[in-house]
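Asks: Below you'll find the structure I mean.
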Amino acid sequence: MVRAKWFCFLAIFLIVYSCNYNHLQEPDDCIYETIDSCDLPDITIGPFGYTKYEYDSIMYYAPCFNPNNSNEFVYIEERPELSQSDLYIYNIATEERKFLADQVDYSPKWSKNDWIVFNRGSTLWKIKSSGDSLMILIPEGEYHAVEVNPFGEKIICRGYDDYYDLILCDFNGNIIDYLNDSYFGEGSWSKDGNKIATRKLDGGFYQGSSFGYYDSTLTNFIDIILNNSTDPENFILDTEWYPDSKRILWYASGSYSITNIISGETTVFSKYCERNYNFFPSFSPNENKILWEKTEREVLNTCDGYHVKTSIVITDENGENEEIILN
């Protein structure tokens with residue numbers, strides 16, 4: 001599955017962040033001393049000069065709730081050995097899964113009008129939850145980081161033509177508005193429809209870590225977090241609005257944090273754990289649950305790399321009482 005730019009960010013971050021731990025490695029007998037249950041040893045050189053990664057036969061990615069039904073979500077199911085990446089719907093109540101489309105990348109979004117929007121490479125597609133009406137959304141160009149507004153009327157995404165453009169369109173692919181030379185990514189649309197969060201990009205893709213939000217007219221931008229650090233550890237990798245549209249959940253510097261845009265107060269939601277961590281939160285329509293893409297890593301028995309698996313889990317709004325949905 002092609003999730004290249006985001007995973008490039010994450011890979012750089014993991015390398016930098018893991019260097020902050022005091023690992024003691026005994027390569028001869030593969031005994032490692034770690035600080036706590038979250039700690040993993042640094043493995044910098046495998047048998048062919050690189051760290052080896054092994055993956056489960058099925059990997060689960062990018063869950064997104066049906067905004068009309070708290071029992072349903074769309075997600076990506078990848079089979080790494082087959083280079084196969086498919087779009088599915090899962091029903092939590094019935095435990096039924098339904099195939100929708102193949103060759104799916106990045107993070108699909110389920111809209112209020114029952115269209116599911118997703119990427120195939122850099123092309124945007126849409127499909128009904130019934131599996132009908134599969135078609136290209138915008139015929140020409142490169143588009144990524146798609147988000148849908150809470151009323152199922154509009155789509156926002158990042159276009160690329162020599163440089164980044166912010167694109168606003170309807171579900172027929174008609175361009176409503178755009179901002180030239182403006183990056184959109186790691187974004188989210190508030191539940192009241194009035195705020196569109198995005199990472200700020202100043203000076204290049206790998207520079208800057210600040211983020212804020214546009215109003216719905218794309219004419220005003222309000223800063224939330226100001227930080228010009230070029231350290232990958234500080235990059236904003238994810239944002240998601242709480243249902244109240246006053247708090248935003250965001251990831252950077254090894255933590256998910258919550259910022260209240262009214263009071264300006266920021267609190268820590270959860271700390272990053274090397275062995276297992278949750279990303280890409282999706283709030284349920286009834287506002288009391290969060291879906292996550294969960295990643296777990298362990299050292300290989302051969303001592304030259306890591307085994308990686310993913311699952312889809314659900315928690316309470318505060319991140320507690322985690323339950324595995326797909327594993």
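Residue numbers start at 1 in each chain; chains themselves are named A, B, ... in the order of the structure tokens; ligands are numbered from 1 in the order shown.
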Which residues come within 8 Å of Ile261 of chain A, counting only C-alpha atoms, excluding same-chain residues fewer than 3 positions away, as a PyMOL selection string?

Replies: chain A and resi 224+246-248+264-265

Asks: Could you check the closest approach to Asn276 of chain A for each of A:Ser57, A:Gln84, A:Ser37, A:Thr239 and tell me which residue wins, using only C-alpha atoms?

Replies: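 When distances to Asn276 of chain A are compared using only C-alpha atoms, the smallest one comes from A:Ser37.
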
Asks: Please identify the strand (DSSP E or B) residues within segment 145-194 of chain A (assignment by DSSP from backbone atoms) and present them as a VMD selection string.

Replies: chain A and resid 145 to 148 154 to 161 163 to 170 175 to 179 188 to 189

Asks: May I have a table of the residues of segment 74-122 of chain A lying at most 9 Å from segment 303-326 of chain A, giving each one's closest pair of atoms and their distance in Å to one decimal, counting only C-alpha atoms, ordered by chain and ascending residue number, as a Markdown table?

Replies:
| residue | atom | partner | partner_atom | distance |
| --- | --- | --- | --- | --- |
| A:Tyr75 | CA | A:Ile312 | CA | 8.9 |
| A:Tyr90 | CA | A:Leu326 | CA | 8.9 |
| A:Ile92 | CA | A:Ile325 | CA | 7.3 |
| A:Glu95 | CA | A:Ile325 | CA | 8.7 |

Asks: Env of Ile236 of chain A: 6 Å cut, atoms = only C-alpha atoms, seq-sep filter 4 positions within chain, self excluded. Answer as an MDAnalysis selection string.

Replies: chainID A and resid 209 251:252

Asks: Just to be explicit: take each residue in the selection above, keep N, CA and C atoms, and write the result as a PDB file, in the first residue's frame.

Replies:
ATOM      1  N   SER A 209       6.606  22.641  11.672  1.00  0.00           N
ATOM      2  CA  SER A 209       5.772  21.664  12.359  1.00  0.00           C
ATOM      3  C   SER A 209       4.505  22.287  12.920  1.00  0.00           C
ATOM      4  N   TYR A 251      -1.067  14.997  17.013  1.00  0.00           N
ATOM      5  CA  TYR A 251       0.096  14.186  17.373  1.00  0.00           C
ATOM      6  C   TYR A 251       1.383  14.870  16.933  1.00  0.00           C
ATOM      7  N   ALA A 252       2.328  14.953  17.851  1.00  0.00           N
ATOM      8  CA  ALA A 252       3.686  15.420  17.573  1.00  0.00           C
ATOM      9  C   ALA A 252       4.528  15.206  18.816  1.00  0.00           C
TER      10      ALA A 252
END

Asks: List the spatial neighbours of Ala62 of chain A as a PyMOL selection string - criterion: any atom at most 7 Å away, only C-alpha atoms, same-chain residues fewer than 5 positions off excluded.

Replies: chain A and resi 75-76+107+280+293

Asks: Determine, counting only C-alpha atoms, which protein, DNA and RNA residues have an atom within 12 Å of an atom of Thr266 of chain A; residues of the same chain fewer than 3 positions away are not included. Present the result as a VMD selection string.

Replies: chain A and resid 224 to 225 246 to 250 255 to 263 269

Asks: Need the shell around Ile167 of chain A: protein/DNA/RNA residues with any atom at most 9 Å away, counting only C-alpha atoms. Skip same-chain ones fewer than 2 positions apart. Format as a ChimeraX atom specification?

Replies: /A:143,155-159,165,169,175-180,184

Asks: If you keep N, CA, C and O atoms, can you produce a file of those selected residues as a compact mmCIF listing (two decimals), in the first residue's frame?

Replies:
# COMPACT_ATOMS: atom_id res chain seq x y z
N TYR A 143 -3.87 14.10 -6.27
CA TYR A 143 -4.62 14.58 -5.10
C TYR A 143 -4.40 13.63 -3.92
O TYR A 143 -4.43 12.41 -4.07
N ILE A 155 -15.57 18.38 -0.39
CA ILE A 155 -14.34 17.63 -0.16
C ILE A 155 -13.19 18.62 -0.22
O ILE A 155 -13.18 19.52 -1.07
N ILE A 156 -12.23 18.45 0.66
CA ILE A 156 -11.02 19.24 0.60
C ILE A 156 -9.84 18.29 0.48
O ILE A 156 -9.86 17.19 1.05
N CYS A 157 -8.82 18.68 -0.28
CA CYS A 157 -7.67 17.80 -0.47
C CYS A 157 -6.47 18.63 -0.92
O CYS A 157 -6.58 19.84 -1.16
N ARG A 158 -5.35 17.98 -1.05
CA ARG A 158 -4.13 18.61 -1.52
C ARG A 158 -3.88 18.21 -2.97
O ARG A 158 -3.80 17.03 -3.28
N GLY A 159 -3.77 19.19 -3.82
CA GLY A 159 -3.40 18.94 -5.20
C GLY A 159 -1.92 19.21 -5.39
O GLY A 159 -1.27 19.85 -4.57
N ASP A 165 -1.28 22.76 -3.93
CA ASP A 165 -2.46 23.61 -3.96
C ASP A 165 -3.52 23.00 -3.05
O ASP A 165 -3.64 21.77 -2.95
N CYS A 169 -13.75 20.95 -3.51
CA CYS A 169 -14.63 20.54 -4.60
C CYS A 169 -15.90 19.91 -4.04
O CYS A 169 -16.01 19.64 -2.85
N ILE A 175 -14.60 21.84 -9.04
CA ILE A 175 -13.78 22.67 -8.17
C ILE A 175 -14.58 23.89 -7.72
O ILE A 175 -15.07 24.67 -8.54
N ILE A 176 -14.73 24.05 -6.41
CA ILE A 176 -15.46 25.18 -5.83
C ILE A 176 -14.51 26.32 -5.50
O ILE A 176 -14.80 27.49 -5.73
N ASP A 177 -13.36 25.96 -4.96
CA ASP A 177 -12.38 26.97 -4.55
C ASP A 177 -11.03 26.30 -4.47
O ASP A 177 -10.92 25.07 -4.37
N TYR A 178 -9.97 27.11 -4.51
CA TYR A 178 -8.63 26.57 -4.34
C TYR A 178 -7.69 27.68 -3.90
O TYR A 178 -7.96 28.88 -4.12
N LEU A 179 -6.60 27.29 -3.25
CA LEU A 179 -5.56 28.21 -2.84
C LEU A 179 -4.25 27.76 -3.48
O LEU A 179 -3.77 26.66 -3.19
N ASN A 180 -3.69 28.59 -4.34
CA ASN A 180 -2.43 28.26 -4.99
C ASN A 180 -1.29 28.28 -3.97
O ASN A 180 -1.29 29.09 -3.03
N PHE A 184 -2.03 21.40 2.10
CA PHE A 184 -3.07 20.84 2.97
C PHE A 184 -2.68 19.41 3.30
O PHE A 184 -2.46 18.58 2.42

Asks: Tell me, in Å to one decimal, how far atom CA of Gly254 of chain A is from atom CA of Lys271 of chain A.

Replies: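 Atom-to-atom, atom CA of Gly254 of chain A to atom CA of Lys271 of chain A, that is 6.0 Å.
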
Asks: Give me, as number ranges by chain, all polymer residues having an atom no more than 8 Å from segment 63-67 of chain A, counting only C-alpha atoms and skipping those fewer than 5 positions away in the same chain.

Replies: A: 72-76, 107-112, 280-285, 291-293, 312

Asks: Suppose we keep C-alpha atoms; can you now write the selection as a short mmCIF file (atom, residue, chain, number, x, y, z; two decimals), in the first residue's frame?

Replies:
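So the final result, stored in result.cif, reads:
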data_model
loop_
_atom_site.label_atom_id
_atom_site.label_comp_id
_atom_site.auth_asym_id
_atom_site.auth_seq_id
_atom_site.Cartn_x
_atom_site.Cartn_y
_atom_site.Cartn_z
CA GLU A 72 -19.97 0.58 10.81
CA PHE A 73 -16.60 1.75 9.61
CA VAL A 74 -14.55 1.61 6.42
CA TYR A 75 -10.90 0.53 6.49
CA ILE A 76 -8.01 -0.78 4.39
CA SER A 107 -6.96 7.05 4.39
CA PRO A 108 -10.51 6.58 3.04
CA LYS A 109 -13.25 8.90 4.29
CA TRP A 110 -16.96 8.08 4.70
CA SER A 111 -19.27 11.03 4.06
CA LYS A 112 -22.74 11.86 5.38
CA PHE A 280 -5.54 7.92 13.09
CA PRO A 281 -8.45 8.40 15.54
CA SER A 282 -12.02 8.41 14.19
CA PHE A 283 -14.83 9.60 16.49
CA SER A 284 -18.11 7.71 16.41
CA PRO A 285 -21.29 9.58 15.37
CA LEU A 291 -11.57 3.95 16.47
CA TRP A 292 -7.79 3.63 16.11
CA GLU A 293 -5.24 1.97 13.87
CA ILE A 312 -8.22 -1.90 14.63
#

Asks: Residues of segment 39-274 of chain A in helix (DSSP H, G or I) according to DSSP, as a PyMOL selection string?

Replies: chain A and resi 80-82+232-234

Asks: Please produce a file of the residues just selected, as a PDB file, in the first residue's frame, where the atoms kept are C-alpha atoms.

Replies:
ATOM      1  CA  PRO A  80       1.928  -7.389   2.029  1.00  0.00           C
ATOM      2  CA  GLU A  81       3.134 -10.654   0.456  1.00  0.00           C
ATOM      3  CA  LEU A  82       0.606 -10.265  -2.357  1.00  0.00           C
ATOM      4  CA  PRO A 232      11.264  15.256  12.575  1.00  0.00           C
ATOM      5  CA  GLU A 233      10.385  14.397  16.180  1.00  0.00           C
ATOM      6  CA  ASN A 234       8.334  17.605  16.346  1.00  0.00           C
TER       7      ASN A 234
END
